[in-house]
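Structure data (TSV, C-alpha atoms) from query02.tsv:
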chain	number	residue	atom	x	y	z
A	23	MET	CA	121.80	84.44	95.51
A	24	ARG	CA	118.73	86.47	94.56
A	25	ILE	CA	116.79	88.84	96.80
A	26	LEU	CA	113.32	90.20	96.05
A	27	ALA	CA	112.79	93.65	97.57
A	28	ASN	CA	109.07	93.44	96.97
A	29	ASP	CA	108.16	96.73	98.64
A	30	GLY	CA	111.35	98.49	97.53
A	31	ILE	CA	114.65	99.21	99.25
A	32	ASP	CA	116.73	102.36	99.53
A	33	PRO	CA	119.47	102.64	96.87
A	34	ILE	CA	122.12	102.53	99.60
A	35	GLY	CA	120.86	99.14	100.75
A	36	GLN	CA	120.61	97.86	97.19
A	37	ARG	CA	124.17	98.96	96.46
A	38	LEU	CA	125.52	97.24	99.58
A	39	LEU	CA	123.79	94.00	98.63
A	40	GLU	CA	125.01	94.10	95.05
A	41	GLU	CA	128.56	94.88	96.13
A	42	ALA	CA	128.33	91.79	98.34
A	43	GLY	CA	127.49	89.69	95.29
A	44	PHE	CA	123.70	89.44	95.51
A	45	THR	CA	121.18	90.05	92.75
A	46	VAL	CA	118.45	92.43	93.93
A	47	ASP	CA	115.10	92.77	92.14
A	48	THR	CA	112.90	95.71	93.11
A	49	VAL	CA	109.96	95.15	90.75
A	50	HIS	CA	106.85	94.61	92.88
A	51	ILE	CA	105.18	91.22	92.46
A	52	PRO	CA	101.44	91.25	93.29
A	53	GLN	CA	100.42	89.19	96.31
A	54	ALA	CA	98.50	86.69	94.20
A	55	GLU	CA	101.59	85.90	92.11
A	56	LEU	CA	104.13	85.65	94.90
A	57	ALA	CA	103.78	81.93	95.65
A	58	GLU	CA	104.84	81.12	92.09
A	59	LYS	CA	107.43	83.81	91.37
A	60	LEU	CA	109.12	83.79	94.78
A	61	GLN	CA	110.44	80.32	93.94
A	62	ALA	CA	113.30	82.01	92.09
A	63	TYR	CA	114.59	83.87	95.15
A	64	ASP	CA	116.56	83.07	98.29
A	65	ALA	CA	115.19	85.97	100.36
A	66	ILE	CA	112.44	88.54	100.34
A	67	THR	CA	112.26	91.96	101.94
A	68	VAL	CA	108.93	93.67	102.61
A	69	ARG	CA	107.47	96.72	104.26
A	70	SER	CA	103.84	96.73	105.40
A	71	ALA	CA	102.20	96.08	102.02
A	72	THR	CA	103.29	92.50	101.31
A	73	LEU	CA	101.97	89.63	103.44
A	74	VAL	CA	104.23	86.67	104.24
A	75	ARG	CA	101.81	84.18	105.74
A	76	GLN	CA	102.04	80.45	106.42
A	77	GLU	CA	100.71	79.50	102.97
A	78	LEU	CA	103.39	81.52	101.19
A	79	ILE	CA	106.12	80.16	103.45
A	80	ASP	CA	104.97	76.60	102.75
A	81	ALA	CA	104.91	77.29	99.01
A	82	CYS	CA	108.48	78.63	99.01
A	83	PRO	CA	110.79	76.16	100.80
A	84	ASN	CA	113.69	77.88	99.01
A	85	LEU	CA	113.36	80.95	101.26
A	86	LYS	CA	116.23	81.42	103.68
A	87	VAL	CA	115.53	84.93	105.03
A	88	ILE	CA	112.51	87.20	105.33
A	89	GLY	CA	113.42	90.83	105.98
A	90	ARG	CA	111.07	93.55	107.20
A	91	GLY	CA	112.14	97.12	106.55
A	92	GLY	CA	110.77	98.75	109.68
A	93	VAL	CA	109.53	97.79	113.12
A	94	GLY	CA	106.26	95.89	113.21
A	95	MET	CA	106.01	92.41	111.73
A	96	ASP	CA	102.24	91.97	111.87
A	97	ASN	CA	102.26	91.08	108.17
A	98	ILE	CA	104.67	88.15	108.67
A	99	ASP	CA	103.95	84.83	110.39
A	100	VAL	CA	107.21	85.10	112.28
A	101	ASP	CA	106.92	82.08	114.59
A	102	TYR	CA	105.86	79.80	111.77
A	103	ALA	CA	108.67	80.97	109.52
A	104	GLN	CA	111.22	80.39	112.26
A	105	SER	CA	109.78	76.94	112.94
A	106	LYS	CA	110.56	76.13	109.30
A	107	GLY	CA	114.14	77.31	109.66
A	108	VAL	CA	113.58	80.63	107.91
A	109	ILE	CA	115.41	83.57	109.47
A	110	VAL	CA	113.24	86.65	110.07
A	111	ILE	CA	114.88	90.04	110.51
A	112	ASN	CA	113.69	93.63	110.90
A	113	THR	CA	115.10	97.11	111.50
A	114	PRO	CA	113.49	98.33	114.72
A	115	ALA	CA	115.75	101.30	115.43
A	116	ALA	CA	116.11	102.87	112.00
A	117	SER	CA	112.81	104.77	111.79
A	118	SER	CA	112.21	105.63	115.45
A	119	HIS	CA	113.10	109.30	115.26
A	120	SER	CA	111.16	109.86	112.05
A	121	VAL	CA	108.00	108.46	113.65
A	122	ALA	CA	108.56	110.57	116.76
A	123	GLU	CA	108.83	113.74	114.69
A	124	LEU	CA	105.59	112.89	112.85
A	125	VAL	CA	103.85	112.41	116.20
A	126	PHE	CA	104.77	115.96	117.11
A	127	ALA	CA	103.81	117.25	113.70
A	128	HIS	CA	100.33	116.04	114.64
A	129	PHE	CA	100.48	117.47	118.15
A	130	LEU	CA	101.63	120.89	116.94
A	131	ASN	CA	99.05	120.68	114.19
A	132	GLY	CA	96.37	119.99	116.78
A	133	VAL	CA	97.12	122.63	119.39
A	134	ARG	CA	97.13	125.39	116.74
A	135	PHE	CA	94.16	124.08	114.70
A	136	LEU	CA	96.21	123.67	111.51
A	137	TYR	CA	94.23	120.57	110.53
A	138	ASP	CA	91.14	122.79	110.19
A	139	SER	CA	92.84	126.00	109.10
A	140	ASN	CA	94.50	124.28	106.15
A	141	ARG	CA	91.08	123.09	104.98
A	142	LYS	CA	89.24	126.39	105.39
A	143	MET	CA	91.80	129.07	104.50
A	144	PRO	CA	91.91	128.14	100.79
A	145	VAL	CA	88.12	128.52	100.44
A	146	GLU	CA	87.24	131.10	103.12
A	147	GLY	CA	90.47	133.00	103.79
A	148	ASN	CA	89.70	135.89	101.47
A	149	THR	CA	86.11	136.35	102.65
A	150	LYS	CA	86.08	135.31	106.30
A	151	PHE	CA	89.63	136.09	107.41
A	152	GLY	CA	88.57	137.79	110.65
A	153	GLY	CA	86.20	134.99	111.55
A	154	LEU	CA	88.84	132.34	111.01
A	155	LYS	CA	91.36	134.35	113.02
A	156	LYS	CA	88.90	134.41	115.91
A	157	ALA	CA	88.09	130.70	115.52
A	158	TYR	CA	91.75	129.72	115.86
A	159	ALA	CA	92.64	132.21	118.59
A	160	LYS	CA	92.64	129.77	121.52
A	161	GLY	CA	95.71	127.72	120.76
A	162	VAL	CA	97.83	126.31	123.57
A	163	GLU	CA	101.54	125.68	124.02
A	164	LEU	CA	103.01	122.23	124.53
A	165	LYS	CA	105.67	123.54	126.90
A	166	GLY	CA	104.79	122.76	130.50
A	167	LYS	CA	102.12	120.21	129.58
A	168	THR	CA	102.26	116.49	130.34
A	169	LEU	CA	102.69	113.91	127.61
A	170	GLY	CA	101.56	110.38	128.39
A	171	VAL	CA	103.39	107.77	126.29
A	172	VAL	CA	101.64	104.40	126.15
A	173	GLY	CA	104.32	101.84	125.27
A	174	PHE	CA	107.92	102.76	126.00
A	175	GLY	CA	109.93	100.90	123.39
A	176	ARG	CA	112.30	102.56	120.94
A	177	ILE	CA	109.71	104.78	119.25
A	178	GLY	CA	107.98	105.63	122.52
A	179	ARG	CA	111.29	106.75	124.00
A	180	GLU	CA	112.19	108.82	120.94
A	181	THR	CA	108.78	110.48	121.16
A	182	ALA	CA	109.41	111.21	124.83
A	183	LYS	CA	112.76	112.82	123.96
A	184	VAL	CA	111.10	115.20	121.51
A	185	ALA	CA	108.60	116.11	124.22
A	186	LEU	CA	111.36	116.74	126.74
A	187	GLY	CA	113.15	118.94	124.22
A	188	LEU	CA	109.99	121.04	123.94
A	189	GLY	CA	109.84	121.48	127.71
A	190	MET	CA	107.07	118.97	128.37
A	191	ASP	CA	106.83	116.60	131.33
A	192	VAL	CA	106.70	112.93	130.38
A	193	VAL	CA	104.89	110.07	132.07
A	194	TYR	CA	104.66	106.64	130.48
A	195	SER	CA	103.17	103.20	130.90
A	196	ASP	CA	104.66	99.92	129.79
A	197	LEU	CA	104.34	96.22	130.53
A	198	PHE	CA	107.92	96.17	131.80
A	199	GLU	CA	109.82	98.29	134.27
A	200	GLY	CA	111.40	101.22	132.46
A	201	PRO	CA	113.95	103.98	133.02
A	202	LEU	CA	113.77	106.86	135.47
A	203	SER	CA	115.36	109.25	132.96
A	204	LEU	CA	116.26	109.56	129.29
A	205	PRO	CA	119.43	110.93	127.67
A	206	LEU	CA	118.72	114.01	125.58
A	207	SER	CA	121.17	115.07	122.85
A	208	LEU	CA	121.11	118.82	122.29
A	209	SER	CA	122.82	121.06	119.76
A	210	GLY	CA	126.52	121.59	120.41
A	211	ASN	CA	127.08	117.97	121.50
A	212	ILE	CA	125.43	118.66	124.83
A	213	GLU	CA	124.07	115.57	126.58
A	214	VAL	CA	121.67	115.80	129.52
A	215	GLU	CA	119.66	113.29	131.52
A	216	VAL	CA	116.03	114.32	131.95
A	217	PRO	CA	113.65	112.57	134.37
A	218	VAL	CA	110.57	110.67	133.23
A	219	LYS	CA	108.00	108.88	135.36
A	220	GLN	CA	106.48	105.45	134.89
A	221	LEU	CA	102.82	105.00	135.83
A	222	SER	CA	100.28	102.29	135.33
A	223	PHE	CA	98.04	102.75	132.31
A	224	GLU	CA	95.12	103.53	134.60
A	225	GLU	CA	97.18	106.18	136.40
A	226	LEU	CA	98.36	107.76	133.16
A	227	LEU	CA	94.94	108.36	131.60
A	228	PRO	CA	93.66	111.11	133.94
A	229	VAL	CA	96.95	113.05	134.26
A	230	ALA	CA	98.12	113.30	130.64
A	231	ASP	CA	97.30	116.46	128.68
A	232	PHE	CA	98.35	114.60	125.53
A	233	ILE	CA	98.62	110.87	124.82
A	234	SER	CA	100.78	109.15	122.21
A	235	LEU	CA	100.31	105.44	121.51
A	236	HIS	CA	103.27	103.17	120.77
A	237	VAL	CA	102.04	99.63	121.22
A	238	PRO	CA	101.91	96.62	118.88
A	239	PHE	CA	98.71	95.35	117.33
A	240	THR	CA	96.28	94.00	119.91
A	241	ASP	CA	93.04	92.03	119.68
A	242	LYS	CA	91.31	94.65	121.83
A	243	ALA	CA	91.62	98.41	121.49
A	244	VAL	CA	93.88	100.04	124.07
A	245	LEU	CA	91.75	103.18	123.99
A	246	GLY	CA	88.05	102.38	123.80
A	247	ALA	CA	84.82	103.86	125.10
A	248	GLU	CA	85.60	102.94	128.72
A	249	GLU	CA	89.10	104.43	128.60
A	250	PHE	CA	87.84	107.66	127.04
A	251	THR	CA	85.70	108.25	130.13
A	252	LYS	CA	88.89	108.24	132.21
A	253	VAL	CA	91.10	110.63	130.22
A	254	LYS	CA	91.54	114.26	131.13
A	255	ASP	CA	88.93	116.56	129.60
A	256	GLY	CA	90.28	118.09	126.38
A	257	VAL	CA	93.11	115.62	125.91
A	258	GLY	CA	94.85	115.44	122.54
A	259	ILE	CA	95.64	111.96	121.18
A	260	VAL	CA	98.01	110.77	118.44
A	261	ASN	CA	98.26	107.24	117.07
A	262	ALA	CA	101.23	106.49	114.83
A	263	SER	CA	101.64	102.88	115.94
A	264	ARG	CA	99.05	100.42	114.60
A	265	GLY	CA	95.49	100.56	113.40
A	266	GLY	CA	93.15	98.90	115.86
A	267	VAL	CA	94.76	100.15	119.06
A	268	ILE	CA	92.11	102.89	119.17
A	269	ASP	CA	88.40	102.13	118.88
A	270	GLU	CA	87.82	104.53	116.00
A	271	LEU	CA	84.07	105.00	116.49
A	272	ALA	CA	84.58	105.58	120.21
A	273	LEU	CA	87.20	108.18	119.30
A	274	VAL	CA	84.72	109.95	117.01
A	275	ASP	CA	82.19	110.02	119.86
A	276	ALA	CA	84.81	111.41	122.25
A	277	LEU	CA	85.75	114.12	119.74
A	278	ASN	CA	82.11	115.03	119.16
A	279	SER	CA	81.46	115.34	122.90
A	280	GLY	CA	84.58	117.44	123.47
A	281	LYS	CA	86.13	114.89	125.82
A	282	VAL	CA	88.99	114.67	123.32
A	283	SER	CA	89.97	118.02	121.82
A	284	PHE	CA	91.69	116.64	118.72
A	285	ALA	CA	93.32	113.51	117.36
A	286	GLY	CA	96.19	112.84	114.99
A	287	LEU	CA	96.09	109.57	113.04
A	288	ASP	CA	98.73	108.02	110.83
A	289	VAL	CA	97.33	104.47	111.00
A	290	TYR	CA	93.83	103.06	110.60
A	291	ASP	CA	91.78	99.91	111.18
A	292	SER	CA	90.93	99.39	107.54
A	293	GLU	CA	93.95	100.51	105.55
A	294	PRO	CA	94.05	101.36	102.72
A	295	THR	CA	90.40	102.46	102.99
A	296	PRO	CA	90.00	104.36	106.30
A	297	ARG	CA	86.56	105.15	107.64
A	298	VAL	CA	84.89	108.18	106.12
A	299	GLU	CA	83.96	109.30	109.66
A	300	LEU	CA	87.67	109.80	110.32
A	301	LEU	CA	88.65	111.28	106.96
A	302	GLN	CA	85.96	113.95	107.12
A	303	HIS	CA	86.07	114.76	110.83
A	304	PRO	CA	86.93	118.42	111.50
A	305	LYS	CA	89.00	117.61	114.61
A	306	ILE	CA	91.35	114.98	113.19
A	307	SER	CA	94.78	115.59	111.69
A	308	LEU	CA	95.39	112.93	109.03
A	309	THR	CA	98.38	111.30	107.35
A	310	PRO	CA	98.47	108.10	105.23
A	311	HIS	CA	100.79	105.85	107.30
A	312	ILE	CA	103.98	107.83	106.65
A	313	GLY	CA	105.68	107.58	110.05
A	314	ALA	CA	108.92	106.14	108.64
A	315	ALA	CA	108.69	107.96	105.31
A	316	THR	CA	111.67	110.28	105.53
A	317	ASN	CA	114.77	110.17	103.37
A	318	GLU	CA	116.95	109.70	106.43
A	319	ALA	CA	114.90	106.83	107.84
A	320	GLN	CA	114.75	105.04	104.50
A	321	GLU	CA	118.52	105.26	104.16
A	322	ARG	CA	119.01	103.87	107.65
A	323	ILE	CA	116.46	101.11	107.02
A	324	GLY	CA	118.06	100.16	103.72
A	325	GLU	CA	121.56	100.07	105.17
A	326	GLU	CA	120.59	98.10	108.27
A	327	LEU	CA	118.47	95.66	106.28
A	328	ALA	CA	121.26	95.08	103.77
A	329	ASN	CA	123.83	94.38	106.46
A	330	LEU	CA	121.49	91.94	108.20
A	331	LEU	CA	120.78	90.13	104.94
A	332	ILE	CA	124.47	89.88	104.12
A	333	SER	CA	125.38	88.51	107.54
A	334	ASN	CA	122.58	85.92	107.49
A	335	LEU	CA	122.80	84.79	103.86
A	336	LYS	CA	126.58	84.36	103.91
A	337	LYS	CA	126.64	82.15	106.99
Before we go any further, please render this structure as C-alpha cells.
Amino acid sequence: MRILANDGIDPIGQRLLEEAGFTVDTVHIPQAELAEKLQAYDAITVRSATLVRQELIDACPNLKVIGRGGVGMDNIDVDYAQSKGVIVINTPAASSHSVAELVFAHFLNGVRFLYDSNRKMPVEGNTKFGGLKKAYAKGVELKGKTLGVVGFGRIGRETAKVALGLGMDVVYSDLFEGPLSLPLSLSGNIEVEVPVKQLSFEELLPVADFISLHVPFTDKAVLGAEEFTKVKDGVGIVNASRGGVIDELALVDALNSGKVSFAGLDVYDSEPTPRVELLQHPKISLTPHIGAATNEAQERIGEELANLLISNLKK
C-alpha cells in the first residue's frame, strides 16, 4: 500500500510506516494536481495546507484513509468522506502542549512589550536607549492575574496548566460542563490538583485579565465589536486556535482605543496573506501559524499518525 504524506511527516512516523510494509511518499503534490496523482495512493496525510474536499474525495475512490497531522480538520470534508466509507483520523493530543507554550510566549511577550522592543531596539537602541527604557518600564507580572480560557478542550486545558504553573488563577468557558480542577505535573514527579472555575462566556469577559481562545472555526467571530465592549479594560488577548474567531478589524479598533492592551496572533482570517493592519500594528505580537511547530510535537504527531494509519490500513 502507498501513502502520500502531502504536507510531510516526521521521520519517526515515516520509519514506522515503512517498517510496517508501506511505501511513503513525501514529495508535495500541488492542490491542482492531486485529483489525478492521488489515484496511485491508498491514503493521504495532510496538515493545514492541503484541502481534501468533496470533489477530491469523489475523484479518488481508491482512498481508504485520510490522516490529519494535528487537531483541526477544517480543511477536510470529514462527514462526506466518512459517508463514502473513507476513514478520517487526526492526532488531537500530540501538539497540545506546544500550542500552550506558544500562547504564553505571546502573553509574556505582551506584558513586557517585547513585540515592540524587538522592532525598535535594532534601529533606536544606540541613540534612544533611555527613551526606550522609559517606554517599556510599566510591564506587569502574570502571577496573580486571571486567565480566561475560551474553549476547554485538550489545548485549552494545557494552556490553563501553564497558567497555573505561573501562579495565575484560571476561569474558563465551554459548551459542556468541565472539571473543577486540573492535575499539574511539576518537577521532581510532583503531582498536584489545582482548582479552576467554569463560567459562562458572558461572565468570563469582564473578569479575565487575559483571554486565550481555543475554539474551532465558527461562522461568526467569538470576539467581535460587541464582546470587546464587555472585556476588562486593558485585557491582553491571544488567538492560537483558528483564524476567524476574532473579528480582526474590531480587534484593531479595540487596540487603538486602549480597551485591549495587546494581542498575540498565530492564526489569521486570510492566511497566507494576513491583513496589513495586523502585521504593522505596534501592539500585536505575531507568529505565522506555528503553534504545533516544535520538534517534540512533530515527533509525537508523526508517531501517533503512523500508528493510526497502520491500525486502520491493516484491518
Per residue of stretch 106-180 of chain A within 8 Å of stretch 245-261 of chain A, what are the shortest atom pair and its distance in Å to one decimal, counting all atoms listed in the file, with rows by chain and residue number, as CSV?
residue,atom,partner,partner_atom,distance
A:Val125,CA,A:Val260,CA,6.5
A:His128,CA,A:Val260,CA,6.9
A:Phe129,CA,A:Val260,CA,7.1
A:Gly132,CA,A:Gly258,CA,7.5
As an exercise, work out the distance from atom CA of A:Val193 to atom CA of A:Ile306 in Å and give it to one decimal place. 23.7 Å
Minimum-distance residue to A:Ile31, chosen among A:Ala328, A:Leu308, A:Ala262, A:Ala182 (using all atoms listed in the file):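 For A:Ile31, the nearest of the given residues is A:Ala328.
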Using only C-alpha atoms, which of A:Ala103, A:Gly173, A:Ala42, A:Arg69 sits nearest A:Gly30? A:Arg69
Nearest to A:Leu188: which of A:Leu130, A:Ala230, A:Val244, A:Leu85 is it, counting only C-alpha atoms? A:Leu130
Among A:Gln76, A:Thr295, A:Gln53, A:Thr316, A:Val108 is approached most closely, using all atoms listed in the file, by A:Gln76
Any idea what's packed within 9 Å of A:Asp196, counting all atoms listed in the file, ignoring anything in its chain fewer than 3 positions away? Could you give it as a compact mmCIF listing (two decimals) with C-alpha atoms, in the frame of the given file?
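Result saved to result.txt:
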# COMPACT_ATOMS: atom_id res chain seq x y z
CA VAL A 171 103.39 107.77 126.29
CA VAL A 172 101.64 104.40 126.15
CA GLY A 173 104.32 101.84 125.27
CA PHE A 174 107.92 102.76 126.00
CA GLY A 175 109.93 100.90 123.39
CA GLU A 199 109.82 98.29 134.27
CA GLY A 200 111.40 101.22 132.46
CA GLN A 220 106.48 105.45 134.89
CA LEU A 221 102.82 105.00 135.83
CA SER A 222 100.28 102.29 135.33
CA PHE A 223 98.04 102.75 132.31
CA VAL A 237 102.04 99.63 121.22
Pick the closest to A:Ile332 from A:Glu318, A:Asp231, A:Asp64, A:Glu55: which is it, counting all atoms listed in the file? A:Asp64
Measure the distance from atom CA of A:Leu277 to atom CA of A:Pro144 in Å and round it to one decimal.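 Interatomic distance, atom CA of A:Leu277 to atom CA of A:Pro144: 24.4 Å.
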